[in-house]
2 protein chains.
Amino acid sequence: LAHYKVILAYDGTEFRGFQRQAGARTVQDVLERALRELGWQGRAILAAGRTDTGVHASGQVIAFELDWRHSPDNLQDALNANLPADVAAIHVQPALAAFHPRYDALARRYRYRIYCQAARNPLLERYAWRVWPAPDAELVEAAASQLVGRHDFAAFGAPPRAGGSTVRTVFEAGWQTEGEGWAFEIVADAFLYHMVRRIVYLLAVIGQARLPAKTMLEVLESGRAEGVQGLAPAQGLALVEVVYTPKACQFELSGDDERG
Amino acid sequence: LAHYKVILAYDGTEFRGFQRQAGARTVQDVLERALRELGWQGRAILAAGRTDTGVHASGQVIAFELDWRHSPDNLQDALNANLPADVAAIHVQPALAAFHPRYDALARRYRYRIYCQAARNPLLERYAWRVWPAPDAELVEAAASQLVGRHDFAAFGAPPRAGGSTVRTVFEAGWQTEGEGWAFEIVADAFLYHMVRRIVYLLAVIGQARLPAKTMLEVLESGRAEGVQGLAPAQGLALVEVVYTPKACQFELSGDDERG
């Protein structure tokens with residue numbers, strides 16, 4: 001049995017999130033079905049992050065072990081042939097047996113897209129949130145930059161386990177124009193449940209001058225978000241990258257790319 | 001009864017094209033249903049172009065007459081409230097009674113998106129065609145520029161009526177990078193059936209050096225496309241703009257924006 005790391009892209013619209021659950025179509029479920037077609041007999045694949053219902057990914061990372069006698073590229077093709085149209089393996093590589101996509105991750109990058117138009121636009125709405133009136137670009141950028149650093153993000157979400165720490169380190173946070181809208185990107189060591197969507201909601205409200213600019217710092221310092229709570233919708237969010245140390249997930253193939 | 005010009009955006013994925021047909025979900029069908037909710041009693045709305053099954057639009061133009069006692073903005077809101085999530089009115093304005101969205105159009109602009117990645121990408125595939133190996137940017141741009149001018153496009157499609165002219169004038173044709181892919185834009189006085197998708201297919205084949213660069217000129221000059229026929233898939237295509245003379249569709253509101 002060899003171990004593999006796979007980077008996945010999926011359109012979250014038709015999934016009840018990543019994690020397997022009875023009676024629901026989830027990304028984990030369709031992946032495990034596809035792997036079983038290739039002879040996989042494991043109990044569960046490992047994944048970097050459990051994206052919510054409706055959240056997309058272009059850089060989700062999973063790992064599993066499999067008895068596969070051909071190349072990783074060939075495994076990618078076989079997987080994609082067995083996956084539905086809304087999920088695809090975009091990169092497949094061998095991994096160390098000890099590789100764990102969640103525990104070994106150094107950082108995650110999420111992207112949240114918004115568009116600013118007076119009426120809803122069916123061609124943008126699947127992957128972006130309509131924010132109108134348009135936020136002020138300087139206000140949202142200034143508020144985003146205050147997220148960078150080590151903070152208690154208790155006001156922005158719950159920890160994975162009750163009583164767990166709500167302190168996280170944000171390495172990058174900022175906006176850029178993208179196509180017909182804007183994209184907010186944030187990189188942190190880890191995220192609380194709903195953290196990105198709560199942050200984006202508050203950024204939009206500050207950008208529209210419905211709350212003063214100082215609100216972001218106040219919320220970060222107090223750990224409380226009374227009166228400023230809200231959740232940007234799932235469809236704007238995508239997990240775009242999970243960062244590892246090179247040695248955590250890779251080994252040299254020493255020329256025998258084709259096994260068996 | 002007042003006349004209105006409406007610019008529409010729609011995601012073509014779930015439609016059997018624009019034009020009404022028995023037993024199929026079409027854009028015209030859902031529009032006329034929405035208008036009937038507002039008291040419209042016409043026989044058929046007029047449209048600039050009959051997009052095919054799966055083709056999108058961000059600039060389709062329709063016209064109709066309606067007894068409406070409020071402002072055009074208010075009509076836009078009412079229409080959007082009655083339209084499904086995959087169609088929206090993005091602009092509503094009064095029009096002259098004589099305005100005809102098809103006959104009065106001076107030009108149409110279509111955009112065709114491609115992306116060049118080794119594996120399919122579920123987040124791009126809804127609005128773009130995957131072309132792999134990636135075409136050469138200079139080859140596709142050079143071939144596109146040869147389309148500009150007045151040519152017989154017989155090799156690229158059928159006229160709307162049997163025996164009709166296949167001569168069209170292309171005002172602009174070129175490529176630009178866009179997001180994670182490329183977009184081909186073409187502006188012409190009018191288009192033959194399937195013309196853009198046949199052009200894009202040939203551009204891709206030339207860009208991949210599967211046919212020599214001179215093929216485009218040969219096809220344009222001979223009017224024949226034996227051995228080079230193929231159709232780029234519908235989901236990459238969008239009708240993005242229809243151009244009119246200002247006076248064809250507009251009149252001054254002279255301050256009485258609110259009627260009645």
# chains A, B, ... in the order shown; residues from 1 in each chain; ligands from 1
>>> interface_residues(of="chain B", to="chain A", cutoff="12 Å", atoms="only C-alpha atoms", output="ChimeraX atom specification")
/B:7-14,55-59,73-74,76-81,83-92,117-127,177-181,183,235,237-240
>>> write_last_selection(atoms="N, CA and C atoms", output="compact mmCIF listing (two decimals), in the first residue's frame")
# COMPACT_ATOMS: atom_id res chain seq x y z
N ILE B 7 -32.07 44.93 -20.39
CA ILE B 7 -30.85 44.14 -20.56
C ILE B 7 -30.88 43.00 -19.55
N LEU B 8 -30.64 41.80 -20.05
CA LEU B 8 -30.76 40.59 -19.24
C LEU B 8 -29.42 39.88 -19.07
N ALA B 9 -29.24 39.28 -17.90
CA ALA B 9 -28.15 38.34 -17.70
C ALA B 9 -28.75 36.99 -17.34
N TYR B 10 -28.21 35.93 -17.91
CA TYR B 10 -28.66 34.61 -17.47
C TYR B 10 -27.55 33.59 -17.56
N ASP B 11 -27.66 32.61 -16.67
CA ASP B 11 -26.80 31.43 -16.69
C ASP B 11 -27.52 30.40 -17.54
N GLY B 12 -26.97 30.06 -18.70
CA GLY B 12 -27.67 29.22 -19.66
C GLY B 12 -27.71 27.74 -19.32
N THR B 13 -27.00 27.34 -18.27
CA THR B 13 -26.81 25.91 -17.99
C THR B 13 -28.12 25.13 -17.95
N GLU B 14 -29.11 25.68 -17.29
CA GLU B 14 -30.35 24.92 -17.08
C GLU B 14 -31.45 25.31 -18.07
N VAL B 55 -25.90 28.31 -23.64
CA VAL B 55 -25.15 29.56 -23.85
C VAL B 55 -25.65 30.61 -22.85
N HIS B 56 -24.71 31.36 -22.29
CA HIS B 56 -25.03 32.37 -21.28
C HIS B 56 -25.22 33.75 -21.92
N ALA B 57 -25.66 34.69 -21.10
CA ALA B 57 -25.75 36.08 -21.56
C ALA B 57 -25.53 37.02 -20.39
N SER B 58 -24.80 38.09 -20.63
CA SER B 58 -24.75 39.18 -19.66
C SER B 58 -25.26 40.45 -20.31
N GLY B 59 -25.62 40.37 -21.61
CA GLY B 59 -26.09 41.56 -22.31
C GLY B 59 -27.17 41.28 -23.34
N ASP B 73 -36.94 51.55 -12.53
CA ASP B 73 -36.20 50.84 -11.48
C ASP B 73 -37.13 49.92 -10.69
N ASN B 74 -38.31 50.42 -10.47
CA ASN B 74 -39.30 49.64 -9.76
C ASN B 74 -39.74 48.42 -10.59
N GLN B 76 -37.77 46.93 -12.73
CA GLN B 76 -36.65 46.00 -12.63
C GLN B 76 -36.76 45.14 -11.36
N ASP B 77 -37.03 45.78 -10.23
CA ASP B 77 -37.16 45.04 -8.97
C ASP B 77 -38.30 44.03 -9.04
N ALA B 78 -39.43 44.46 -9.62
CA ALA B 78 -40.59 43.57 -9.68
C ALA B 78 -40.31 42.38 -10.59
N LEU B 79 -39.66 42.65 -11.72
CA LEU B 79 -39.29 41.57 -12.63
C LEU B 79 -38.35 40.58 -11.93
N ASN B 80 -37.31 41.11 -11.29
CA ASN B 80 -36.33 40.23 -10.65
C ASN B 80 -36.95 39.41 -9.53
N ALA B 81 -37.94 39.98 -8.87
CA ALA B 81 -38.61 39.22 -7.81
C ALA B 81 -39.39 38.04 -8.39
N LEU B 83 -38.48 36.47 -11.32
CA LEU B 83 -37.63 35.62 -12.17
C LEU B 83 -36.87 34.61 -11.30
N PRO B 84 -36.56 33.42 -11.85
CA PRO B 84 -35.76 32.45 -11.10
C PRO B 84 -34.33 32.94 -10.92
N ALA B 85 -33.56 32.25 -10.05
CA ALA B 85 -32.22 32.70 -9.70
C ALA B 85 -31.28 32.78 -10.89
N ASP B 86 -31.54 32.04 -11.97
CA ASP B 86 -30.59 32.03 -13.09
C ASP B 86 -30.90 33.04 -14.19
N VAL B 87 -31.83 33.95 -13.98
CA VAL B 87 -32.09 35.06 -14.92
C VAL B 87 -32.32 36.33 -14.11
N ALA B 88 -31.81 37.44 -14.61
CA ALA B 88 -32.09 38.72 -13.95
C ALA B 88 -32.08 39.84 -14.97
N ALA B 89 -32.92 40.84 -14.70
CA ALA B 89 -32.91 42.09 -15.47
C ALA B 89 -31.83 42.96 -14.85
N ILE B 90 -30.80 43.33 -15.64
CA ILE B 90 -29.76 44.17 -15.05
C ILE B 90 -29.91 45.64 -15.42
N HIS B 91 -30.81 45.95 -16.34
CA HIS B 91 -31.10 47.36 -16.66
C HIS B 91 -32.46 47.42 -17.33
N VAL B 92 -33.25 48.40 -16.94
CA VAL B 92 -34.58 48.60 -17.52
C VAL B 92 -34.70 50.06 -17.90
N GLN B 117 -5.78 23.80 -18.49
CA GLN B 117 -5.23 23.02 -17.38
C GLN B 117 -5.29 21.56 -17.77
N ALA B 118 -4.36 20.78 -17.22
CA ALA B 118 -4.25 19.37 -17.61
C ALA B 118 -5.46 18.56 -17.17
N ALA B 119 -6.04 18.90 -16.03
CA ALA B 119 -7.22 18.16 -15.55
C ALA B 119 -8.41 19.09 -15.51
N ARG B 120 -9.59 18.52 -15.59
CA ARG B 120 -10.79 19.36 -15.53
C ARG B 120 -10.87 20.05 -14.18
N ASN B 121 -11.41 21.27 -14.16
CA ASN B 121 -11.51 22.05 -12.93
C ASN B 121 -12.98 22.44 -12.72
N PRO B 122 -13.61 21.84 -11.71
CA PRO B 122 -15.06 22.05 -11.51
C PRO B 122 -15.43 23.50 -11.27
N LEU B 123 -14.50 24.33 -10.78
CA LEU B 123 -14.83 25.73 -10.51
C LEU B 123 -14.76 26.60 -11.76
N LEU B 124 -14.18 26.09 -12.83
CA LEU B 124 -14.07 26.88 -14.06
C LEU B 124 -15.01 26.37 -15.15
N GLU B 125 -15.39 25.10 -15.04
CA GLU B 125 -16.02 24.41 -16.15
C GLU B 125 -17.41 24.89 -16.52
N ARG B 126 -18.08 25.55 -15.58
CA ARG B 126 -19.44 25.99 -15.88
C ARG B 126 -19.47 27.11 -16.91
N TYR B 127 -18.39 27.91 -16.97
CA TYR B 127 -18.37 29.08 -17.86
C TYR B 127 -17.19 29.09 -18.81
N THR B 177 -6.19 37.69 -21.54
CA THR B 177 -6.19 36.81 -20.37
C THR B 177 -7.28 37.29 -19.44
N GLU B 178 -7.90 36.33 -18.75
CA GLU B 178 -9.02 36.67 -17.89
C GLU B 178 -9.11 35.65 -16.77
N GLY B 179 -8.86 36.10 -15.55
CA GLY B 179 -8.88 35.18 -14.41
C GLY B 179 -7.88 34.05 -14.64
N GLU B 180 -8.36 32.82 -14.50
CA GLU B 180 -7.45 31.68 -14.66
C GLU B 180 -7.43 31.18 -16.10
N GLY B 181 -8.01 31.94 -17.04
CA GLY B 181 -8.05 31.46 -18.42
C GLY B 181 -7.91 32.59 -19.40
N ALA B 183 -10.07 34.84 -22.65
CA ALA B 183 -11.37 35.13 -23.24
C ALA B 183 -11.17 35.63 -24.67
N GLN B 235 -20.98 25.97 -23.15
CA GLN B 235 -20.86 26.62 -21.85
C GLN B 235 -19.79 27.71 -21.81
N LEU B 237 -19.58 30.11 -24.02
CA LEU B 237 -20.05 31.26 -24.79
C LEU B 237 -21.03 32.13 -24.02
N ALA B 238 -20.89 33.44 -24.17
CA ALA B 238 -21.86 34.39 -23.60
C ALA B 238 -22.08 35.55 -24.55
N LEU B 239 -23.34 35.94 -24.71
CA LEU B 239 -23.70 37.17 -25.44
C LEU B 239 -23.54 38.31 -24.45
N VAL B 240 -22.53 39.18 -24.67
CA VAL B 240 -22.22 40.16 -23.64
C VAL B 240 -22.73 41.58 -23.94
>>> select_by_dssp(residues="range 19-175 of chain B", states="helix (DSSP H, G or I)", output="number ranges by chain")
B: 27-37, 72-82, 137-145, 154-156
>>> residues_around(residues="range 148-160 of chain B", least_positions_apart="5", cutoff="7 Å", atoms="only C-alpha atoms", output="MDAnalysis selection string")
chainID B and resid 165:173 192:195 198:199 219:220 223:225
